[in-house]
Structure formats: structure tokens, C-alpha cells
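> Structure file my_file.pdb (PDB, C-alpha atoms) is given on the next line.
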```
ATOM      1  CA  MET A   1     172.649 133.380 -24.179  1.00  0.00           C
ATOM      2  CA  ASN A   2     171.663 129.773 -23.778  1.00  0.00           C
ATOM      3  CA  ASP A   3     168.775 127.855 -25.321  1.00  0.00           C
ATOM      4  CA  LYS A   4     166.587 128.165 -22.216  1.00  0.00           C
ATOM      5  CA  HIS A   5     167.006 131.924 -22.165  1.00  0.00           C
ATOM      6  CA  LEU A   6     166.196 132.218 -25.875  1.00  0.00           C
ATOM      7  CA  TYR A   7     163.176 129.956 -25.445  1.00  0.00           C
ATOM      8  CA  LYS A   8     161.864 132.095 -22.561  1.00  0.00           C
ATOM      9  CA  GLU A   9     162.399 135.296 -24.571  1.00  0.00           C
ATOM     10  CA  LEU A  10     160.421 133.820 -27.465  1.00  0.00           C
ATOM     11  CA  GLN A  11     157.709 132.599 -25.104  1.00  0.00           C
ATOM     12  CA  LEU A  12     157.384 136.062 -23.552  1.00  0.00           C
ATOM     13  CA  ARG A  13     157.236 137.754 -26.939  1.00  0.00           C
ATOM     14  CA  THR A  14     154.571 135.409 -28.331  1.00  0.00           C
ATOM     15  CA  GLY A  15     152.714 135.573 -25.015  1.00  0.00           C
ATOM     16  CA  SER A  16     152.692 139.339 -25.109  1.00  0.00           C
ATOM     17  CA  GLN A  17     151.323 139.272 -28.642  1.00  0.00           C
ATOM     18  CA  ALA A  18     148.620 136.742 -27.686  1.00  0.00           C
ATOM     19  CA  VAL A  19     147.551 138.797 -24.655  1.00  0.00           C
ATOM     20  CA  GLN A  20     147.534 142.005 -26.712  1.00  0.00           C
ATOM     21  CA  GLU A  21     145.319 140.347 -29.324  1.00  0.00           C
ATOM     22  CA  LEU A  22     142.850 139.262 -26.633  1.00  0.00           C
ATOM     23  CA  VAL A  23     142.837 142.771 -25.120  1.00  0.00           C
ATOM     24  CA  THR A  24     142.313 144.328 -28.552  1.00  0.00           C
ATOM     25  CA  HIS A  25     139.311 142.110 -29.291  1.00  0.00           C
ATOM     26  CA  LEU A  26     137.812 142.643 -25.837  1.00  0.00           C
ATOM     27  CA  SER A  27     138.195 146.392 -26.369  1.00  0.00           C
ATOM     28  CA  ASP A  28     136.336 145.987 -29.661  1.00  0.00           C
ATOM     29  CA  VAL A  29     133.498 144.301 -27.759  1.00  0.00           C
ATOM     30  CA  LEU A  30     133.306 147.271 -25.375  1.00  0.00           C
ATOM     31  CA  ASN A  31     133.519 149.882 -28.121  1.00  0.00           C
ATOM     32  CA  LYS A  32     130.916 148.421 -30.449  1.00  0.00           C
ATOM     33  CA  ASP A  33     127.212 148.982 -30.215  1.00  0.00           C
ATOM     34  CA  PRO A  34     125.779 145.897 -28.445  1.00  0.00           C
ATOM     35  CA  SER A  35     123.750 145.018 -31.540  1.00  0.00           C
ATOM     36  CA  PHE A  36     126.976 144.658 -33.553  1.00  0.00           C
ATOM     37  CA  ALA A  37     129.297 143.125 -30.957  1.00  0.00           C
ATOM     38  CA  ILE A  38     128.741 139.414 -31.734  1.00  0.00           C
ATOM     39  CA  ALA A  39     131.618 139.220 -34.243  1.00  0.00           C
ATOM     40  CA  ALA A  40     133.941 140.839 -31.712  1.00  0.00           C
ATOM     41  CA  THR A  41     132.938 138.268 -29.072  1.00  0.00           C
ATOM     42  CA  VAL A  42     133.843 135.462 -31.481  1.00  0.00           C
ATOM     43  CA  ASP A  43     137.181 137.129 -32.233  1.00  0.00           C
ATOM     44  CA  SER A  44     137.787 137.411 -28.485  1.00  0.00           C
ATOM     45  CA  MET A  45     137.052 133.731 -27.992  1.00  0.00           C
ATOM     46  CA  ARG A  46     139.474 132.818 -30.793  1.00  0.00           C
ATOM     47  CA  ALA A  47     142.153 134.985 -29.182  1.00  0.00           C
ATOM     48  CA  LEU A  48     141.551 133.267 -25.824  1.00  0.00           C
ATOM     49  CA  ASP A  49     141.773 129.890 -27.555  1.00  0.00           C
ATOM     50  CA  ALA A  50     145.120 130.840 -29.113  1.00  0.00           C
ATOM     51  CA  LEU A  51     146.472 132.090 -25.784  1.00  0.00           C
ATOM     52  CA  LEU A  52     145.429 128.935 -23.930  1.00  0.00           C
ATOM     53  CA  THR A  53     146.683 126.643 -26.684  1.00  0.00           C
ATOM     54  CA  GLN A  54     150.077 128.303 -26.902  1.00  0.00           C
ATOM     55  CA  HIS A  55     150.747 129.018 -23.250  1.00  0.00           C
ATOM     56  CA  THR A  56     149.192 126.242 -21.181  1.00  0.00           C
ATOM     57  CA  ASN A  57     149.504 122.496 -21.080  1.00  0.00           C
ATOM     58  CA  ALA A  58     145.707 122.096 -21.029  1.00  0.00           C
ATOM     59  CA  ASP A  59     144.299 119.462 -23.345  1.00  0.00           C
ATOM     60  CA  ARG A  60     142.075 120.422 -26.266  1.00  0.00           C
ATOM     61  CA  SER A  61     138.837 119.453 -24.520  1.00  0.00           C
ATOM     62  CA  SER A  62     139.623 121.650 -21.505  1.00  0.00           C
ATOM     63  CA  ILE A  63     140.405 124.599 -23.765  1.00  0.00           C
ATOM     64  CA  ASP A  64     137.172 124.015 -25.698  1.00  0.00           C
ATOM     65  CA  MET A  65     135.207 124.013 -22.428  1.00  0.00           C
ATOM     66  CA  ALA A  66     136.865 127.238 -21.265  1.00  0.00           C
ATOM     67  CA  CYS A  67     136.101 128.911 -24.590  1.00  0.00           C
ATOM     68  CA  ALA A  68     132.448 127.796 -24.496  1.00  0.00           C
ATOM     69  CA  VAL A  69     131.967 129.260 -21.018  1.00  0.00           C
ATOM     70  CA  PHE A  70     133.826 132.439 -22.034  1.00  0.00           C
ATOM     71  CA  ILE A  71     131.776 133.061 -25.206  1.00  0.00           C
ATOM     72  CA  THR A  72     128.529 132.434 -23.313  1.00  0.00           C
ATOM     73  CA  ALA A  73     129.386 134.944 -20.583  1.00  0.00           C
ATOM     74  CA  LEU A  74     130.776 137.497 -23.020  1.00  0.00           C
ATOM     75  CA  THR A  75     127.719 137.275 -25.271  1.00  0.00           C
ATOM     76  CA  ASN A  76     125.343 137.762 -22.354  1.00  0.00           C
ATOM     77  CA  ALA A  77     127.376 140.574 -20.826  1.00  0.00           C
ATOM     78  CA  SER A  78     128.074 142.650 -23.915  1.00  0.00           C
ATOM     79  CA  THR A  79     125.617 142.058 -26.745  1.00  0.00           C
ATOM     80  CA  LEU A  80     121.893 142.254 -27.386  1.00  0.00           C
ATOM     81  CA  GLY A  81     122.027 138.501 -27.945  1.00  0.00           C
ATOM     82  CA  SER A  82     121.469 135.896 -25.308  1.00  0.00           C
ATOM     83  CA  ALA A  83     123.343 132.638 -24.926  1.00  0.00           C
ATOM     84  CA  LYS A  84     122.826 129.620 -22.724  1.00  0.00           C
ATOM     85  CA  LEU A  85     125.360 126.892 -22.104  1.00  0.00           C
ATOM     86  CA  VAL A  86     123.232 123.825 -22.765  1.00  0.00           C
ATOM     87  CA  HIS A  87     125.824 121.095 -22.565  1.00  0.00           C
ATOM     88  CA  CYS A  88     129.449 121.299 -21.541  1.00  0.00           C
ATOM     89  CA  ASN A  89     131.719 118.329 -21.028  1.00  0.00           C
ATOM     90  CA  PRO A  90     135.142 117.387 -22.367  1.00  0.00           C
ATOM     91  CA  ASP A  91     133.661 115.813 -25.501  1.00  0.00           C
ATOM     92  CA  GLU A  92     131.087 118.388 -26.494  1.00  0.00           C
ATOM     93  CA  GLN A  93     130.068 121.970 -25.781  1.00  0.00           C
ATOM     94  CA  ILE A  94     126.719 123.318 -26.944  1.00  0.00           C
ATOM     95  CA  VAL A  95     125.814 126.983 -26.679  1.00  0.00           C
ATOM     96  CA  ASP A  96     122.215 127.907 -27.529  1.00  0.00           C
ATOM     97  CA  TYR A  97     121.618 131.403 -28.859  1.00  0.00           C
ATOM     98  CA  THR A  98     117.893 130.968 -29.555  1.00  0.00           C
ATOM     99  CA  ASN A  99     116.116 131.301 -26.197  1.00  0.00           C
ATOM    100  CA  HIS A 100     116.642 134.888 -25.170  1.00  0.00           C
ATOM    101  CA  ASP A 101     117.028 135.565 -21.468  1.00  0.00           C
ATOM    102  CA  ASP A 102     116.585 131.911 -20.404  1.00  0.00           C
ATOM    103  CA  TYR A 103     119.939 132.021 -18.612  1.00  0.00           C
ATOM    104  CA  LEU A 104     118.533 134.702 -16.300  1.00  0.00           C
ATOM    105  CA  MET A 105     115.883 132.356 -14.900  1.00  0.00           C
ATOM    106  CA  GLU A 106     118.268 129.725 -13.547  1.00  0.00           C
TER     107      GLU A 106
END
```
Show this structure as C-alpha cells.


Amino acid sequence: MNDKHLYKELQLRTGSQAVQELVTHLSDVLNKDPSFAIAATVDSMRALDALLTQHTNADRSSIDMACAVFITALTNASTLGSAKLVHCNPDEQIVDYTNHDDYLME
């Protein structure tokens, strides 16, 4: 076995673990009562962040933007909470959880 083959094996193993962690947390979101699913959405976002950080060449600001969009959609789709992406650019992402159902009016 050469170094490239070993590197790819390691990458596949860590990738599989990262994907499994994301799937596990997303399953938690689905299996929890919507009033208790917020923590699972945050865990899912952290798992997505880890996957993107480890297995893409995206810069930190792009990963942060992807995670902000993901947590906003996941919160709105699976919890009793409501989130609105107020500001999203490479330098700053702001998600507002205070104005319930505002995202539905846009």
C-alpha cells in the first residue's frame, strides 16, 4: 500500500463517520417532539460543519454561511420555533429566532 492509498482509506473512514454523525443527529430531529428538537438541530448543524470542514476545501466563511442557511431551514422545518436569516455574507451570519412565522411572509 502506498501513501495515497492509505490517505484515501483514512479519508473514507473519517468521511463515513462524519456522514453517520450527521445522519444520527438528523434522525434525532425527526424522532423528537417538535417542541424539543432545537438541541438536535444545533447538533445537526455542528455535524454538517465538521463534515464540510474536514472534507471540502471551502473557506471558513463559506462553511459558516452554509451552516446558517442549514440551521434556519432545519429549525423552520422541524421545530415549533421559527427562524429568519436576517443577514448572511462571508463576514457575518445572523439568524433571528424572535419573530415567529415572519419567514413565511416573504

> Just need the box for range 82-87 of chain A, edges along x, y and z, holding every atom the file lists for it with 6 Å tacked onto each side, so centre and edge lengths in Å to one decimal, as JSON.


```
{"center_x": 123.6, "center_y": 128.5, "center_z": -23.7, "size_x": 16.4, "size_y": 26.8, "size_z": 15.2}
```

> Under the rule of at most 6 Å, produce a per-residue listing of range 36-59 of chain A near range 14-32 of chain A: chain, number, name, the closest pair of atoms, and the distance in Å, as a Markdown table, using all atoms listed in the file.


```
| residue | atom | partner | partner_atom | distance |
| --- | --- | --- | --- | --- |
| A:Ala37 | CA | A:Val29 | CA | 5.4 |
| A:Ala40 | CA | A:Val29 | CA | 5.3 |
| A:Ser44 | CA | A:His25 | CA | 5.0 |
| A:Ala47 | CA | A:Leu22 | CA | 5.0 |
| A:Leu51 | CA | A:Ala18 | CA | 5.5 |
```

> Which residues would end up in the selection if the PyMOL selection byres ((chain A and resi 70) around 12) were applied here, given that I need the answer as a ChimeraX atom specification?

/A:26,41-49,63-69,71-78,83-85,88,93,95

> Suppose you want the space between CA of Ala50 in chain A and CA of Ser82 in chain A; what is it in Å?

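Between CA of Ala50 in chain A and CA of Ser82 in chain A the gap works out to 24.5 Å.
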
> CA of Pro34 in chain A to CA of Asn89 in chain A: how many Å, to one decimal?

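Calculated distance between CA of Pro34 in chain A and CA of Asn89 in chain A is 29.2 Å.
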
> Point out the residue among A:Ala58, A:Leu52, A:Leu6, A:Ala39 with the least atom-to-atom distance to Thr79 in chain A, counting all atoms listed in the file.

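Closest candidate: A:Ala39.
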
> Could you tell me how far CA of Gln54 in chain A sits from CA of Tyr97 in chain A, in Å to one decimal place?

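Separation of CA of Tyr97 in chain A and CA of Gln54 in chain A: 28.7 Å.
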
> Can you give me N, CA and C atoms for range 16-36 of chain A, written as an mmCIF file, keeping the file's coordinate frame?


```cif
data_model
loop_
_atom_site.group_PDB
_atom_site.id
_atom_site.type_symbol
_atom_site.label_atom_id
_atom_site.label_comp_id
_atom_site.auth_asym_id
_atom_site.auth_seq_id
_atom_site.Cartn_x
_atom_site.Cartn_y
_atom_site.Cartn_z
ATOM 1 N N SER A 16 153.085 137.933 -25.082
ATOM 2 C CA SER A 16 152.692 139.339 -25.109
ATOM 3 C C SER A 16 151.791 139.632 -26.307
ATOM 4 N N GLN A 17 152.140 139.070 -27.443
ATOM 5 C CA GLN A 17 151.323 139.272 -28.642
ATOM 6 C C GLN A 17 149.949 138.627 -28.483
ATOM 7 N N ALA A 18 149.900 137.426 -27.884
ATOM 8 C CA ALA A 18 148.620 136.742 -27.686
ATOM 9 C C ALA A 18 147.729 137.507 -26.706
ATOM 10 N N VAL A 19 148.319 138.016 -25.632
ATOM 11 C CA VAL A 19 147.551 138.797 -24.655
ATOM 12 C C VAL A 19 147.065 140.097 -25.291
ATOM 13 N N GLN A 20 147.930 140.758 -26.058
ATOM 14 C CA GLN A 20 147.534 142.005 -26.712
ATOM 15 C C GLN A 20 146.387 141.770 -27.686
ATOM 16 N N GLU A 21 146.413 140.648 -28.402
ATOM 17 C CA GLU A 21 145.319 140.347 -29.324
ATOM 18 C C GLU A 21 144.009 140.155 -28.567
ATOM 19 N N LEU A 22 144.052 139.445 -27.444
ATOM 20 C CA LEU A 22 142.850 139.262 -26.633
ATOM 21 C C LEU A 22 142.337 140.607 -26.121
ATOM 22 N N VAL A 23 143.226 141.442 -25.623
ATOM 23 C CA VAL A 23 142.837 142.771 -25.120
ATOM 24 C C VAL A 23 142.220 143.617 -26.237
ATOM 25 N N THR A 24 142.825 143.565 -27.407
ATOM 26 C CA THR A 24 142.313 144.328 -28.552
ATOM 27 C C THR A 24 140.891 143.902 -28.898
ATOM 28 N N HIS A 25 140.653 142.592 -28.945
ATOM 29 C CA HIS A 25 139.311 142.110 -29.291
ATOM 30 C C HIS A 25 138.303 142.396 -28.185
ATOM 31 N N LEU A 26 138.723 142.290 -26.937
ATOM 32 C CA LEU A 26 137.812 142.643 -25.837
ATOM 33 C C LEU A 26 137.489 144.136 -25.870
ATOM 34 N N SER A 27 138.456 144.953 -26.223
ATOM 35 C CA SER A 27 138.195 146.392 -26.369
ATOM 36 C C SER A 27 137.198 146.646 -27.491
ATOM 37 N N ASP A 28 137.311 145.871 -28.574
ATOM 38 C CA ASP A 28 136.336 145.987 -29.661
ATOM 39 C C ASP A 28 134.930 145.676 -29.174
ATOM 40 N N VAL A 29 134.814 144.653 -28.321
ATOM 41 C CA VAL A 29 133.498 144.301 -27.759
ATOM 42 C C VAL A 29 132.933 145.496 -27.001
ATOM 43 N N LEU A 30 133.761 146.126 -26.172
ATOM 44 C CA LEU A 30 133.306 147.271 -25.375
ATOM 45 C C LEU A 30 132.961 148.485 -26.226
ATOM 46 N N ASN A 31 133.688 148.681 -27.311
ATOM 47 C CA ASN A 31 133.519 149.882 -28.121
ATOM 48 C C ASN A 31 132.421 149.771 -29.176
ATOM 49 N N LYS A 32 131.954 148.584 -29.436
ATOM 50 C CA LYS A 32 130.916 148.421 -30.449
ATOM 51 C C LYS A 32 129.530 148.563 -29.822
ATOM 52 N N ASP A 33 128.612 148.989 -30.633
ATOM 53 C CA ASP A 33 127.212 148.982 -30.215
ATOM 54 C C ASP A 33 126.851 147.533 -29.901
ATOM 55 N N PRO A 34 126.117 147.274 -28.811
ATOM 56 C CA PRO A 34 125.779 145.897 -28.445
ATOM 57 C C PRO A 34 125.109 145.088 -29.559
ATOM 58 N N SER A 35 124.404 145.765 -30.463
ATOM 59 C CA SER A 35 123.750 145.018 -31.540
ATOM 60 C C SER A 35 124.744 144.536 -32.589
ATOM 61 N N PHE A 36 125.969 145.044 -32.564
ATOM 62 C CA PHE A 36 126.976 144.658 -33.553
ATOM 63 C C PHE A 36 128.195 143.985 -32.921
#
```
